[in-house]
>>> print(open('start-v6.cif').read())   # mmCIF, C-alpha atoms
data_final
#
loop_
_atom_site.label_atom_id
_atom_site.label_comp_id
_atom_site.auth_asym_id
_atom_site.auth_seq_id
_atom_site.Cartn_x
_atom_site.Cartn_y
_atom_site.Cartn_z
CA ASP A 159 33.46 -25.46 15.85
CA HIS A 160 33.53 -29.17 15.00
CA PRO A 161 33.14 -29.65 11.20
CA GLU A 162 33.17 -33.44 11.62
CA ILE A 163 29.59 -33.35 12.86
CA GLU A 164 28.49 -32.35 9.35
CA ALA A 165 29.39 -35.74 7.91
CA PRO A 166 26.36 -37.45 6.28
CA ASN A 167 26.78 -40.52 8.51
CA CYS A 168 26.98 -38.45 11.69
CA PRO A 169 24.04 -39.18 14.06
CA VAL A 170 24.15 -35.62 15.47
CA LEU A 171 23.44 -33.46 12.44
CA GLY A 172 23.78 -35.91 9.59
CA GLY A 173 23.82 -33.24 6.91
CA CYS A 174 20.78 -31.35 8.23
CA LEU A 175 22.98 -28.30 8.78
CA THR A 176 25.77 -27.33 6.45
CA ARG A 177 28.69 -25.42 7.88
CA LYS A 178 27.41 -22.10 6.53
CA ALA A 179 23.92 -22.72 7.96
CA LEU A 180 25.41 -23.62 11.32
CA LEU A 181 27.41 -20.36 11.29
CA TYR A 182 24.24 -18.43 10.50
CA GLN A 183 22.45 -20.01 13.46
CA LYS A 184 25.43 -19.23 15.71
CA CYS A 185 25.27 -15.64 14.50
CA THR A 186 21.59 -15.39 15.46
CA LEU A 187 22.37 -16.67 18.95
CA ARG A 188 25.34 -14.31 19.36
CA MET A 189 23.24 -11.28 18.38
CA ALA A 190 20.54 -12.29 20.86
CA LEU A 191 23.28 -12.29 23.51
CA GLY A 192 24.64 -8.92 22.36
CA ASP A 193 27.84 -10.33 20.88
CA TYR A 194 27.71 -8.43 17.58
CA LYS A 195 31.43 -8.73 16.92
CA GLY A 196 31.27 -12.51 17.14
CA ALA A 197 28.08 -12.53 15.06
CA MET A 198 29.73 -10.53 12.28
CA LYS A 199 32.66 -12.96 12.32
CA ASP A 200 30.29 -15.91 11.91
CA LEU A 201 28.49 -14.28 8.98
CA THR A 202 31.76 -13.35 7.30
CA ASN A 203 32.99 -16.93 7.66
CA ALA A 204 29.71 -18.21 6.20
CA LEU A 205 30.20 -15.93 3.19
CA LYS A 206 33.74 -17.23 2.75
CA ILE A 207 32.21 -20.66 2.31
CA ASP A 208 29.51 -19.40 -0.06
CA GLU A 209 29.74 -15.82 -1.33
CA PHE A 210 26.21 -16.11 -2.73
CA TYR A 211 24.70 -16.84 0.69
CA THR A 212 22.58 -13.71 0.37
CA GLN A 213 20.70 -14.22 3.62
CA ALA A 214 23.97 -13.97 5.53
CA ARG A 215 25.13 -10.98 3.48
CA GLU A 216 21.85 -9.18 4.12
CA SER A 217 21.96 -9.82 7.87
CA ARG A 218 25.56 -8.60 8.07
CA ALA A 219 24.82 -5.48 6.03
CA CYS A 220 21.84 -4.59 8.22
CA VAL A 221 23.96 -4.78 11.36
CA TRP A 222 26.78 -2.82 9.70
CA ALA A 223 24.34 -0.08 8.72
CA GLY A 224 22.14 -0.08 11.81
CA ARG A 225 25.08 0.12 14.20
CA ASN A 226 27.39 2.25 12.05
CA LEU A 227 30.05 -0.46 11.97
CA LYS A 228 31.02 0.29 8.37
CA ASP A 229 31.21 3.42 6.23
CA ASP A 230 28.37 4.44 3.89
CA ALA A 231 30.21 3.33 0.75
CA THR A 232 30.73 -0.20 2.07
CA VAL A 233 27.12 -0.50 3.23
CA HIS A 234 25.86 0.90 -0.07
CA SER A 235 27.94 -1.57 -2.06
CA GLU A 236 26.67 -4.51 -0.01
CA PHE A 237 23.02 -3.59 -0.49
CA LEU A 238 23.55 -3.08 -4.22
CA ARG A 239 24.79 -6.65 -4.40
CA ILE A 240 21.95 -7.92 -2.22
CA ILE A 241 19.36 -6.31 -4.51
CA SER A 242 21.06 -7.84 -7.55
CA GLU A 243 20.86 -11.31 -5.98
CA ASN A 244 17.40 -11.13 -4.42
CA HIS A 245 14.21 -12.15 -6.18
CA VAL A 246 12.09 -9.17 -7.17
CA ASP A 247 9.51 -10.15 -4.54
CA ASN A 248 11.96 -10.86 -1.72
CA ARG A 249 10.53 -9.50 1.53
CA GLY A 250 13.89 -7.97 2.43
CA ASN A 251 14.04 -5.71 -0.61
CA GLU A 252 12.32 -2.81 1.14
CA VAL A 253 15.08 -2.65 3.77
CA ALA A 254 17.82 -2.89 1.13
CA TYR A 255 16.27 -0.04 -0.86
CA ALA A 256 15.81 1.97 2.35
CA PHE A 257 19.50 1.78 3.20
CA LEU A 258 20.45 2.58 -0.40
CA ALA A 259 18.28 5.71 -0.17
CA ILE A 260 19.68 6.69 3.23
CA THR A 261 23.33 6.21 2.29
CA THR A 262 22.93 8.00 -1.04
CA LEU A 263 21.16 10.93 0.60
CA GLY A 264 23.75 11.24 3.33
CA ASN A 265 26.96 10.62 1.38
CA SER A 266 27.84 12.84 -1.56
CA SER A 267 30.02 10.20 -3.21
CA LEU A 268 27.14 7.80 -3.76
CA GLY A 269 24.83 9.80 -6.00
CA THR A 270 22.60 12.83 -6.39
CA PHE A 271 19.41 13.65 -4.55
CA ARG A 272 17.59 12.36 -7.62
CA ASP A 273 19.37 9.01 -7.19
CA ALA A 274 18.41 8.86 -3.52
CA LYS A 275 14.80 9.67 -4.40
CA ALA A 276 14.81 6.85 -6.98
CA TRP A 277 15.92 4.37 -4.29
CA HIS A 278 13.26 5.77 -1.97
CA ASP A 279 10.57 5.23 -4.61
CA LYS A 280 11.75 1.65 -5.14
CA MET A 281 11.56 1.14 -1.39
CA LEU A 282 7.93 2.28 -1.37
CA ALA A 283 7.13 -0.05 -4.28
CA ALA A 284 8.85 -2.97 -2.50
CA SER A 285 6.91 -2.25 0.71
CA LYS A 286 3.64 -2.17 -1.21
CA ARG A 287 4.49 -5.44 -2.94
CA ARG A 288 5.44 -7.08 0.36
CA ASP A 289 2.10 -6.08 1.86
CA GLU A 290 0.28 -7.49 -1.15
CA ILE A 291 2.00 -10.86 -0.70
CA TYR A 292 2.26 -11.19 3.09
CA GLY A 293 -0.51 -8.92 4.37
CA LYS A 294 -0.94 -5.25 5.16
CA ARG A 295 1.07 -3.82 8.07
CA ARG A 296 0.53 -0.81 10.27
CA GLN A 297 3.04 2.02 9.99
CA ASP A 298 4.51 1.15 13.38
CA GLU A 299 5.20 -2.39 12.13
CA LEU A 300 7.50 -1.25 9.32
CA PRO A 301 11.26 -1.97 9.64
CA PRO A 302 13.20 0.86 11.36
CA ALA A 303 15.26 1.53 8.22
CA VAL A 304 12.10 2.02 6.15
CA LYS A 305 10.61 4.39 8.70
CA SER A 306 13.89 6.32 8.84
CA ALA A 307 14.04 6.65 5.05
CA LYS A 308 10.46 7.92 4.99
CA ARG A 309 11.25 10.53 7.64
CA ASN A 310 14.30 11.69 5.72
CA PHE A 311 12.28 12.34 2.60
CA LEU A 312 9.22 13.73 4.32
CA GLY A 313 8.98 17.39 3.41
CA ALA A 314 11.75 17.23 0.84
CA GLY A 315 9.16 17.71 -1.89
CA ASN A 316 10.65 18.09 -5.35
CA VAL A 317 13.90 19.65 -4.18
CA ASP A 318 16.77 18.62 -6.44
CA ILE A 319 20.49 19.15 -6.00
CA ALA A 320 21.47 17.99 -9.45
CA GLY A 321 23.80 21.00 -9.54
CA VAL A 322 26.18 19.07 -7.34
CA GLU A 323 28.28 16.66 -9.39
CA ARG A 324 29.09 13.72 -7.15
CA ILE A 325 31.95 11.82 -8.72
CA SER A 326 33.86 8.92 -7.23
CA ILE A 327 36.76 7.70 -9.37
CA GLY A 328 38.42 4.39 -8.62
CA GLY A 329 37.75 4.70 -4.90
CA GLU A 330 39.76 7.90 -4.73
CA LYS A 331 38.62 10.95 -2.81
CA THR A 332 35.31 12.31 -4.06
CA LYS A 333 35.47 15.49 -6.12
CA GLN A 334 32.85 18.19 -5.54
CA VAL A 335 31.64 21.30 -7.30
CA CYS A 336 29.94 24.41 -5.99
CA LEU A 337 26.23 23.81 -5.61
CA LYS A 338 25.50 27.33 -6.88
CA CYS A 339 27.87 27.96 -9.78
CA GLY A 340 29.65 24.67 -10.46
CA ALA A 341 33.16 25.88 -9.63
CA LYS A 342 35.58 23.17 -8.50
CA THR A 343 37.71 25.36 -6.20
CA PHE A 344 37.75 28.71 -4.48
CA ALA A 345 38.81 31.65 -6.64
CA ASP A 346 42.30 31.39 -5.12
CA GLY A 347 42.47 27.67 -5.91
CA GLY A 348 41.62 26.57 -2.39
CA ARG A 349 39.31 23.71 -1.49
CA LEU A 350 35.54 24.17 -1.50
CA SER A 351 33.83 24.78 1.82
CA LYS A 352 31.20 22.40 3.13
CA CYS A 353 27.80 23.36 4.55
CA ILE A 354 28.28 23.03 8.31
CA ARG A 355 24.66 21.95 8.78
CA CYS A 356 24.20 19.03 6.38
CA LYS A 357 27.88 18.42 5.53
CA SER A 358 26.82 17.47 1.98
CA ALA A 359 26.61 20.68 -0.07
CA TYR A 360 29.79 22.45 -1.21
CA TYR A 361 30.42 26.10 -2.14
CA CYS A 362 33.24 28.08 -3.70
CA SER A 363 32.52 31.29 -1.81
CA ARG A 364 30.45 32.84 0.95
CA GLU A 365 28.51 34.73 -1.71
CA CYS A 366 27.45 31.53 -3.51
CA GLN A 367 26.40 29.91 -0.25
CA VAL A 368 24.28 32.90 0.78
CA GLU A 369 22.65 33.17 -2.65
CA ASP A 370 21.87 29.46 -2.71
CA TRP A 371 20.47 29.23 0.80
CA LYS A 372 16.88 29.87 -0.27
CA ASP A 373 16.97 26.82 -2.53
CA HIS A 374 19.19 24.66 -0.32
CA LYS A 375 17.44 25.33 2.99
CA GLN A 376 14.70 22.69 2.67
CA LEU A 377 16.99 19.85 1.63
CA CYS A 378 19.59 20.92 4.17
CA LYS A 379 17.12 20.15 6.96
CA VAL A 380 16.48 16.69 5.54
CA LEU A 381 20.19 15.89 5.24
CA LYS A 382 20.93 17.21 8.72
CA LYS A 383 18.14 15.07 10.14
CA ASP A 384 19.66 12.03 8.44
CA LEU A 385 23.00 12.67 10.15
CA GLN A 386 21.25 12.87 13.52
CA MET A 387 19.18 9.72 12.94
CA LYS A 388 21.94 7.43 11.68
CA PRO A 389 23.03 6.02 15.08
CA LYS A 390 19.41 5.16 15.88
CA ILE A 391 18.76 2.91 12.88
CA VAL A 392 18.70 -0.65 14.14
CA ASN A 393 17.31 -3.65 12.28
#
>>> encode(input="start-v6.cif", output="structure tokens")
Amino acid sequence: DHPEIEAPNCPVLGGCLTRKALLYQKCTLRMALGDYKGAMKDLTNALKIDEFYTQARESRACVWAGRNLKDDATVHSEFLRIISENHVDNRGNEVAYAFLAITTLGNSSLGTFRDAKAWHDKMLAASKRRDEIYGKRRQDELPPAVKSAKRNFLGAGNVDIAGVERISIGGEKTKQVCLKCGAKTFADGGRLSKCIRCKSAYYCSRECQVEDWKDHKQLCKVLKKDLQMKPKIVN
């Protein structure tokens, strides 16, 4: 908390640590002590100094996601930016892609199942590339977010829910359509009902939901599992 020690002629730090780097180190110490609120404040302040300090942005996004401190849309947006700034061979790409897959799969405003699967495939490619560069890892050595994303997609097969149009306009409330027939409302004009299991699929009637269950059942299990696993993702 003493910027004067950053002066080039200062015998303490003498320019070895910039203010943003010092904040990042403070953040690391705070997290080790369990002070996540203070750590997030340090990272945010570092990003105010340099918005392209991707290392700080990535660390903050991982804590936001792993501890459910921010909503899916905010986390998703942060990791999109991180991917855009990272080098293609950055070792952190696999985690960024994992969270993009997880948030897209679990939040209907962020994309279709096909979109989530695309992020998942990029995660697998990034993990493979990381192992090629830094050495092969055992499955138990993979980051928690990567393992969680793999579990979420395990058994999903080629299930696709492209019938659900997931549209987010200008940050306004997401509009949904019936997964079975594409209707935007109930016959009486009322709001669509949400699947109580996965909380992601929408239907315009009991009939449509019953008829669609055979096709929706497999993916429903995956989405429900994602909801249950979210609080346990810690990086």
>>> closest_residue(input="start-v6.cif", among="A:Gly293, A:Gly348, A:Gly250, A:Gly264", to="Phe311 in chain A", atoms="all atoms listed in the file")
A:Gly264
>>> closest_residue(input="start-v6.cif", among="A:Leu238, A:Leu258, A:Cys185, A:Leu191", to="Arg218 in chain A", atoms="only C-alpha atoms")
A:Cys185
>>> axis_aligned_box(input="start-v6.cif", around="range 250-259 of chain A", padding_each_side="8 Å", output="lines of an AutoDock Vina configuration file")
center_x = 16.4
center_y = -1.1
center_z = 1.5
size_x = 24.1
size_y = 29.7
size_z = 20.6
>>> residues_around(input="start-v6.cif", residues="Ala359 in chain A", least_positions_apart="3", cutoff="8 Å", atoms="all atoms listed in the file", output="PyMOL selection string")
chain A and resi 322+336-337+352-353+356
>>> resolve_selection(input="start-v6.cif", expression="the PyMOL selection byres ((chain A and resi 221) around 10)", output="VMD selection string")
chain A and resid 189 194 197 to 198 216 to 220 222 to 228 233 391 to 393
>>> closest_residue(input="start-v6.cif", among="A:Leu180, A:Ala303, A:Ala231, A:Leu350", to="Asn265 in chain A", atoms="all atoms listed in the file")
A:Ala231
>>> residues_around(input="start-v6.cif", residues="range 209-215 of chain A", least_positions_apart="2", cutoff="9 Å", atoms="all atoms listed in the file", output="ChimeraX atom specification")
/A:178,182,201-202,204-207,217-220,236-237,239-240,243-244
>>> closest_residue(input="start-v6.cif", among="A:Lys357, A:Lys294, A:Arg272, A:Lys379", to="Asn310 in chain A", atoms="only C-alpha atoms")
A:Lys379
>>> resolve_selection(input="start-v6.cif", expression="the PyMOL selection byres ((chain A and resi 362) around 8)", output="MDAnalysis selection string")
chainID A and resid 335:336 341:345 349:351 360:361 363:364 366:367
>>> atom_distance(input="start-v6.cif", atom1="CA of Lys195 in chain A", atom2="CA of His245 in chain A")
29.0 Å
>>> closest_residue(input="start-v6.cif", among="A:Met281, A:Leu312, A:Val368, A:Leu300", to="Lys338 in chain A", atoms="all atoms listed in the file")
A:Val368
>>> residues_around(input="start-v6.cif", residues="Asn251 in chain A", least_positions_apart="2", cutoff="9 Å", atoms="all atoms listed in the file", output="list in words")
Ile240, Ile241, Asn244, His245, Val246, Asp247, Asn248, Arg249, Val253, Ala254, Tyr255, Ala256, Lys280, Met281, Ala284, Ser285 and Arg288 of chain A
>>> atom_distance(input="start-v6.cif", atom1="CA of Ser306 in chain A", atom2="CA of Ala283 in chain A")
16.1 Å
>>> resolve_selection(input="start-v6.cif", expression="the PyMOL selection byres ((chain A and resi 262) around 10)", output="list of chain:residue names")
A:Asp230, A:Ala231, A:His234, A:Ala256, A:Phe257, A:Leu258, A:Ala259, A:Ile260, A:Thr261, A:Leu263, A:Gly264, A:Asn265, A:Ser266, A:Ser267, A:Leu268, A:Gly269, A:Thr270, A:Phe271, A:Arg272, A:Asp273, A:Ala274, A:Lys275, A:Trp277, A:His278
>>> atom_distance(input="start-v6.cif", atom1="CA of Lys372 in chain A", atom2="CA of Cys339 in chain A")
14.7 Å
